[in-house]
$ cat run.txt   # compact mmCIF, C-alpha atoms and all ligand atoms
# COMPACT_ATOMS: atom_id res chain seq x y z
CA MET A 1287 213.88 386.87 199.42
CA LEU A 1288 212.15 388.63 202.30
CA LEU A 1289 213.30 387.82 205.80
CA CYS A 1290 212.00 388.69 209.24
CA ASN A 1291 214.06 391.49 210.85
CA ALA A 1292 213.95 389.78 214.19
CA CYS A 1293 214.82 386.20 213.33
CA SER A 1294 215.73 385.89 209.63
CA HIS A 1295 213.68 382.71 209.75
CA GLU A 1296 212.40 380.95 206.66
CA LEU A 1297 208.88 381.49 208.04
CA MET A 1298 208.91 384.96 206.63
CA ILE A 1299 209.80 383.75 203.15
CA MET A 1300 206.25 382.57 202.73
CA THR A 1301 205.13 386.13 203.29
CA LEU A 1302 205.56 386.46 199.57
CA SER A 1303 202.97 383.80 198.84
CA ALA A 1304 200.62 384.81 201.64
CA ASN A 1305 199.75 388.02 199.89
CA GLU A 1306 200.18 390.66 202.55
CA LYS A 1307 202.98 392.93 203.61
CA PRO A 1308 204.93 391.52 206.56
CA HIS A 1309 205.02 393.47 209.79
CA LYS A 1310 208.44 394.80 210.57
CA ASN A 1311 209.13 393.41 213.98
CA ILE A 1312 207.61 391.33 216.72
CA PHE A 1313 206.32 394.31 218.70
CA GLU A 1314 204.42 395.64 215.71
CA THR A 1315 203.03 392.17 215.09
CA ILE A 1316 201.84 391.93 218.70
CA LEU A 1317 200.06 395.25 218.30
CA ALA A 1318 198.59 394.28 214.94
CA ARG A 1319 197.10 390.93 216.03
CA ARG A 1320 193.32 390.86 216.28
CA SER A 1321 190.73 388.19 216.92
CA VAL A 1322 189.42 387.97 213.37
CA ARG A 1323 185.80 386.87 212.93
CA ALA A 1324 185.25 387.47 209.21
CA TYR A 1325 187.10 385.46 206.59
CA ALA A 1326 187.49 385.38 202.83
CA PRO A 1327 186.70 382.00 201.23
CA ASN A 1328 190.40 381.31 200.40
CA GLU A 1329 191.67 377.95 201.68
CA LEU A 1330 195.09 377.79 203.33
CA ASP A 1331 197.62 375.43 201.76
CA ARG A 1332 199.54 372.76 203.64
CA ASN A 1333 202.81 374.68 203.46
CA THR A 1334 201.29 377.68 205.21
CA ILE A 1335 199.80 375.49 207.96
CA GLN A 1336 203.15 373.72 208.40
CA LYS A 1337 204.89 377.07 208.88
CA LEU A 1338 202.35 378.11 211.51
CA LEU A 1339 202.95 374.82 213.33
CA GLU A 1340 206.72 375.41 213.17
CA ALA A 1341 206.16 378.76 214.86
CA ALA A 1342 203.90 377.10 217.46
CA VAL A 1343 206.50 374.53 218.51
CA ARG A 1344 209.14 377.22 219.03
CA ALA A 1345 207.22 378.30 222.16
CA PRO A 1346 208.89 377.90 225.54
CA THR A 1347 208.01 374.58 227.13
CA ALA A 1348 208.28 373.59 230.79
CA MET A 1349 210.94 370.92 231.42
CA HIS A 1350 211.35 370.89 227.65
CA GLU A 1351 208.45 368.45 227.47
CA GLU A 1352 206.94 369.75 224.21
CA PRO A 1353 203.57 368.22 225.16
CA TRP A 1354 201.63 369.66 222.23
CA ALA A 1355 200.11 367.79 219.33
CA PHE A 1356 197.98 369.25 216.55
CA ILE A 1357 194.76 368.47 214.75
CA VAL A 1358 194.05 370.42 211.57
CA VAL A 1359 190.47 370.51 210.29
CA GLN A 1360 189.89 371.97 206.84
CA ASN A 1361 186.52 370.44 206.07
CA ARG A 1362 183.79 373.07 206.28
CA GLN A 1363 181.02 370.53 206.72
CA VAL A 1364 182.83 368.93 209.66
CA LEU A 1365 183.39 372.40 211.14
CA LYS A 1366 179.72 373.28 210.76
CA GLN A 1367 178.64 370.03 212.46
CA LEU A 1368 181.11 370.63 215.26
CA SER A 1369 179.81 374.17 215.67
CA ASP A 1370 176.23 372.89 215.87
CA ARG A 1371 177.22 370.40 218.56
CA ALA A 1372 179.26 372.95 220.49
CA LYS A 1373 176.58 375.63 220.80
CA PRO A 1374 174.16 373.87 223.20
CA LEU A 1375 177.09 372.58 225.26
CA PHE A 1376 178.43 376.11 225.54
CA ILE A 1377 175.02 377.50 226.53
CA GLU A 1378 174.77 374.81 229.23
CA ARG A 1379 178.20 375.80 230.44
CA LEU A 1380 177.20 379.48 230.61
CA HIS A 1381 174.19 378.51 232.75
CA ARG A 1382 176.29 376.17 234.90
CA THR A 1383 178.82 378.89 235.60
CA HIS A 1384 176.08 381.51 236.15
CA HIS A 1385 177.16 383.56 233.16
CA THR A 1386 173.76 384.91 232.21
CA ASN A 1387 175.04 387.03 229.33
CA VAL A 1388 171.84 387.39 227.30
CA HIS A 1389 173.69 388.48 224.17
CA ALA A 1390 175.96 385.41 224.29
CA ILE A 1391 173.00 383.08 224.90
CA ASP A 1392 171.11 384.66 221.98
CA THR A 1393 174.11 384.39 219.69
CA PHE A 1394 174.80 380.77 220.56
CA SER A 1395 171.10 379.93 220.18
CA ASN A 1396 170.99 381.24 216.62
CA PRO A 1397 170.96 378.24 214.22
CA ASP A 1398 172.87 380.31 211.64
CA PHE A 1399 175.71 381.22 213.98
CA ASN A 1400 178.90 379.34 213.24
CA ILE A 1401 181.20 379.42 216.27
CA PHE A 1402 184.17 379.11 213.87
CA HIS A 1403 183.07 382.30 212.10
CA ASN A 1404 183.06 380.46 208.74
CA ALA A 1405 186.85 380.13 208.75
CA GLY A 1406 188.08 377.27 206.58
CA THR A 1407 190.81 376.09 208.95
CA LEU A 1408 190.72 375.06 212.58
CA ILE A 1409 193.95 374.10 214.34
CA VAL A 1410 193.44 372.39 217.68
CA ILE A 1411 196.41 372.27 220.02
CA CYS A 1412 196.07 369.11 222.08
CA ALA A 1413 198.06 367.52 224.88
CA LYS A 1414 197.98 364.60 227.27
CA PRO A 1415 196.71 366.06 230.56
CA SER A 1416 199.81 365.26 232.61
CA GLY A 1417 202.33 367.55 234.24
CA HIS A 1418 201.83 370.93 235.82
CA PHE A 1419 202.45 373.19 232.85
CA VAL A 1420 200.97 371.32 229.92
CA GLU A 1421 198.18 373.83 229.38
CA ALA A 1422 200.56 376.76 229.73
CA ASP A 1423 202.80 375.23 227.05
CA CYS A 1424 199.83 374.81 224.72
CA TRP A 1425 198.67 378.40 225.16
CA LEU A 1426 202.17 379.72 224.58
CA ALA A 1427 202.26 377.68 221.38
CA ALA A 1428 198.86 379.12 220.51
CA GLU A 1429 200.08 382.70 220.83
CA ASN A 1430 203.17 381.92 218.73
CA LEU A 1431 200.91 380.47 216.06
CA MET A 1432 198.59 383.48 216.08
CA LEU A 1433 201.44 385.97 215.94
CA ALA A 1434 203.03 384.07 213.05
CA ALA A 1435 199.67 384.10 211.28
CA CYS A 1436 199.38 387.84 211.80
CA ALA A 1437 202.94 388.39 210.55
CA ILE A 1438 202.02 386.84 207.21
CA GLY A 1439 198.73 388.68 206.85
CA LEU A 1440 196.44 385.94 208.13
CA GLY A 1441 193.74 386.33 210.74
CA SER A 1442 193.15 384.02 213.68
CA CYS A 1443 190.92 383.66 216.72
CA VAL A 1444 190.85 381.37 219.73
CA ILE A 1445 187.53 379.51 219.86
CA GLY A 1446 187.26 378.57 223.52
CA SER A 1447 183.56 377.86 223.07
CA SER A 1448 184.48 374.73 221.10
CA VAL A 1449 186.65 373.08 223.77
CA GLU A 1450 183.89 371.15 225.48
CA ALA A 1451 182.52 369.78 222.20
CA LEU A 1452 186.00 368.88 220.97
CA ASN A 1453 186.57 366.80 224.07
CA THR A 1454 183.48 364.66 223.68
CA PRO A 1455 184.20 361.03 222.69
CA GLU A 1456 182.20 361.56 219.45
CA ALA A 1457 184.28 364.54 218.34
CA LYS A 1458 187.53 362.86 219.31
CA ALA A 1459 186.59 359.83 217.25
CA GLU A 1460 185.54 361.92 214.28
CA LEU A 1461 188.64 364.13 214.31
CA ASN A 1462 191.09 361.34 215.17
CA ILE A 1463 192.03 362.90 218.49
CA PRO A 1464 193.42 359.96 220.50
CA ALA A 1465 191.38 359.37 223.67
CA GLU A 1466 194.39 360.12 225.91
CA PHE A 1467 194.78 363.62 224.44
CA ASP A 1468 192.70 366.64 225.44
CA ALA A 1469 191.86 369.48 223.10
CA VAL A 1470 193.30 372.55 224.83
CA ALA A 1471 193.54 375.47 222.42
CA PRO A 1472 191.34 375.60 219.30
CA ILE A 1473 192.34 378.36 216.87
CA ILE A 1474 190.73 379.32 213.58
CA VAL A 1475 192.97 380.74 210.86
CA GLY A 1476 192.27 382.25 207.47
CA VAL A 1477 192.53 385.19 205.14
CA PRO A 1478 190.68 388.13 206.75
CA SER A 1479 187.83 389.49 204.66
CA GLY A 1480 188.42 393.04 205.92
CA GLU A 1481 189.99 395.07 208.66
CA THR A 1482 189.34 394.27 212.32
CA ALA A 1483 189.51 397.17 214.75
CA ALA A 1484 191.74 396.82 217.78
CA THR A 1485 190.00 396.13 221.05
CA SER A 1486 190.85 398.26 224.06
CA ARG A 1487 193.07 397.24 226.93
CA LYS A 1488 193.40 398.49 230.46
CA LYS A 1489 196.78 399.84 231.41
CA PRO A 1490 198.98 397.15 232.99
CA LEU A 1491 198.07 396.88 236.65
CA ILE A 1492 201.40 396.97 238.46
CA LEU A 1493 200.87 395.63 241.94
CA ALA A 1494 204.42 396.17 243.09
CA TRP A 1495 207.73 397.30 241.66
CA LYS A 1496 210.33 396.80 244.32
CA GLN A 1497 213.71 398.33 243.68
C1 LIG B 1 190.79 381.44 226.06
C2 LIG B 1 190.09 382.29 225.02
C3 LIG B 1 188.88 381.85 224.51
C4 LIG B 1 188.24 382.60 223.51
N1 LIG B 1 187.09 382.11 222.96
C5 LIG B 1 186.51 382.78 221.95
C6 LIG B 1 185.37 382.23 221.29
O1 LIG B 1 184.86 381.16 221.63
N2 LIG B 1 184.83 382.91 220.26
C7 LIG B 1 185.36 384.11 219.83
O2 LIG B 1 184.84 384.67 218.86
N3 LIG B 1 186.44 384.66 220.43
C8 LIG B 1 187.03 384.03 221.47
N4 LIG B 1 188.15 384.53 222.06
C9 LIG B 1 188.72 385.82 221.60
C10 LIG B 1 188.48 386.95 222.60
O3 LIG B 1 187.11 387.30 222.57
C11 LIG B 1 189.40 388.14 222.22
O4 LIG B 1 190.74 387.73 222.37
C12 LIG B 1 189.14 389.37 223.09
O5 LIG B 1 187.85 389.90 222.89
C13 LIG B 1 190.17 390.48 222.80
O6 LIG B 1 190.16 390.83 221.41
P1 LIG B 1 191.48 390.73 220.53
O7 LIG B 1 191.98 389.31 220.58
O8 LIG B 1 191.09 391.14 219.15
O9 LIG B 1 192.50 391.68 221.12
C14 LIG B 1 188.81 383.83 223.06
C15 LIG B 1 190.03 384.25 223.59
C16 LIG B 1 190.66 383.50 224.55
C17 LIG B 1 192.00 383.96 225.08
$ encode --input "run.txt" --output "structure tokens"
Amino acid sequence: MLLCNACSHELMIMTLSANEKPHKNIFETILARRSVRAYAPNELDRNTIQKLLEAAVRAPTAMHEEPWAFIVVQNRQVLKQLSDRAKPLFIERLHRTHHTNVHAIDTFSNPDFNIFHNAGTLIVICAKPSGHFVEADCWLAAENLMLAACAIGLGSCVIGSSVEALNTPEAKAELNIPAEFDAVAPIIVGVPSGETAATSRKKPLILAWKQ
């Protein structure tokens, strides 16, 4: 049995079935996470998804409200349709917010572009829009989920460009998202089809360090 150094949690047991070497500790996992945009055709099984959700719900949560709820979509046709509906909405949003990024507009105008990068699994973290920290809770759960995915050799990527489409009444009806819930954090997950290079980061900007 292979256990996580940091937590000895059962989560890491599935490392054995998820085909890749586990990362040794949480810091290495944080450094190894990438937004993965190229996936092998392998489908993820229910057990793997359940483990990712277990990691998600271990996130800190304001007032211990645990506001999150999850939608899992593993139907490629549904994902393709959702992508097709999301693209014009996202382009409109770019125009509305004066983001005239020509490359982004070109990409999202391409009929062959799938905003879910052809991943076979989309996990949408949803919540009822009440309380001050609901969105924060959902994003913390999202990062937990993505780090857990990375720790077991899976790739993931936030797909913010799908949020508007996911929150339309049509998409909610199709995906069984109850009307009172909002889609907050959509994340694709899958087996990476290759290596993804790390993106750069600025050094932490420390505004003050009072001692
Ligand atoms: C809120 C949010 C929305 C994002 N939306 C998208 C998206 O729609 N499509 C995409 O390919 N990547 C998306 N990303 C991924 C970012 O582009 C990525 O995190 C960033 O370029 C840094 O790369 P890294 O995650 O590999 O370090 C999103 C990330 C965040 C945090």
$ residues_near_ligand --input "run.txt" --ligand "ligand LIG 1 (chain B)" --cutoff "8 Å" --atoms "all atoms listed in the file" --output "PyMOL selection string"
chain A and resi 1319-1323+1401-1403+1443-1448+1471+1482-1486
$ residues_around --input "run.txt" --residues "region 1378-1386 of chain A" --least-positions-apart "3" --cutoff "12 Å" --atoms "all atoms listed in the file" --output "PyMOL selection string"
chain A and resi 1371-1375+1389-1392+1394-1395+1446-1451
$ residues_near_point --input "run.txt" --point "(189.2, 368.8, 207.3)" --cutoff "12 Å" --atoms "all atoms listed in the file" --output "PyMOL selection string"
chain A and resi 1329-1330+1332+1357-1368+1405-1410+1460-1462
$ atom_distance --input "run.txt" --atom1 "CA of Leu1452 (chain A)" --atom2 "CA of Ile1377 (chain A)"
15.0 Å
$ closest_residue --input "run.txt" --among "A:Cys1424, A:Ala1324, A:Leu1440, A:Ala1341" --to "Pro1353 (chain A)" --atoms "all atoms listed in the file"
A:Cys1424
$ closest_residue --input "run.txt" --among "A:Thr1334, A:Leu1317, A:Phe1399, A:Leu1426" --to "Arg1487 (chain A)" --atoms "all atoms listed in the file"
A:Leu1317
$ decode --input "run.txt" --residues "region 1391-1413 of chain A" --atoms "N, CA and C atoms" --output "CSV table (one decimal), in the first residue's frame"
chain,number,residue,atom,x,y,z
A,1391,ILE,N,-10.2,36.1,-29.2
A,1391,ILE,CA,-11.4,36.1,-30.0
A,1391,ILE,C,-11.3,35.2,-31.2
A,1392,ASP,N,-10.1,35.1,-31.8
A,1392,ASP,CA,-9.9,34.1,-32.9
A,1392,ASP,C,-10.1,32.7,-32.4
A,1393,THR,N,-9.4,32.4,-31.3
A,1393,THR,CA,-9.5,31.0,-30.7
A,1393,THR,C,-11.0,30.7,-30.5
A,1394,PHE,N,-11.7,31.5,-29.8
A,1394,PHE,CA,-13.1,31.2,-29.4
A,1394,PHE,C,-14.0,31.3,-30.6
A,1395,SER,N,-13.6,31.9,-31.7
A,1395,SER,CA,-14.4,31.9,-32.9
A,1395,SER,C,-14.2,30.7,-33.8
A,1396,ASN,N,-13.2,29.9,-33.5
A,1396,ASN,CA,-12.9,28.7,-34.3
A,1396,ASN,C,-13.9,27.6,-34.0
A,1397,PRO,N,-14.6,27.2,-35.0
A,1397,PRO,CA,-15.6,26.1,-34.8
A,1397,PRO,C,-15.0,24.8,-34.2
A,1398,ASP,N,-13.8,24.6,-34.5
A,1398,ASP,CA,-13.1,23.3,-34.0
A,1398,ASP,C,-12.6,23.4,-32.6
A,1399,PHE,N,-12.6,24.6,-32.1
A,1399,PHE,CA,-12.0,24.8,-30.7
A,1399,PHE,C,-13.0,24.3,-29.7
A,1400,ASN,N,-12.5,23.4,-28.8
A,1400,ASN,CA,-13.4,22.9,-27.7
A,1400,ASN,C,-12.9,23.5,-26.4
A,1401,ILE,N,-13.7,24.3,-25.8
A,1401,ILE,CA,-13.2,25.1,-24.6
A,1401,ILE,C,-12.8,24.1,-23.5
A,1402,PHE,N,-13.3,22.8,-23.6
A,1402,PHE,CA,-12.9,21.8,-22.5
A,1402,PHE,C,-11.7,21.0,-23.0
A,1403,HIS,N,-11.0,21.5,-24.0
A,1403,HIS,CA,-9.8,20.9,-24.5
A,1403,HIS,C,-9.9,19.4,-24.7
A,1404,ASN,N,-11.1,18.9,-25.1
A,1404,ASN,CA,-11.3,17.5,-25.4
A,1404,ASN,C,-11.1,16.6,-24.2
A,1405,ALA,N,-11.2,17.1,-23.0
A,1405,ALA,CA,-11.1,16.3,-21.7
A,1405,ALA,C,-12.5,15.5,-21.7
A,1406,GLY,N,-12.4,14.4,-21.1
A,1406,GLY,CA,-13.6,13.6,-21.0
A,1406,GLY,C,-14.4,13.8,-19.7
A,1407,THR,N,-13.9,14.6,-18.8
A,1407,THR,CA,-14.6,14.8,-17.5
A,1407,THR,C,-14.6,16.3,-17.2
A,1408,LEU,N,-15.8,16.8,-16.9
A,1408,LEU,CA,-15.9,18.2,-16.3
A,1408,LEU,C,-16.5,18.1,-15.0
A,1409,ILE,N,-15.9,18.7,-14.0
A,1409,ILE,CA,-16.5,18.7,-12.6
A,1409,ILE,C,-16.8,20.2,-12.4
A,1410,VAL,N,-18.1,20.5,-12.1
A,1410,VAL,CA,-18.5,21.8,-11.9
A,1410,VAL,C,-18.8,22.0,-10.4
A,1411,ILE,N,-18.1,22.9,-9.7
A,1411,ILE,CA,-18.4,23.1,-8.3
A,1411,ILE,C,-19.4,24.2,-8.3
A,1412,CYS,N,-20.6,23.9,-7.6
A,1412,CYS,CA,-21.7,24.8,-7.6
A,1412,CYS,C,-22.0,25.2,-6.2
A,1413,ALA,N,-22.8,26.3,-6.0
A,1413,ALA,CA,-23.2,26.7,-4.7
A,1413,ALA,C,-24.4,27.6,-4.8
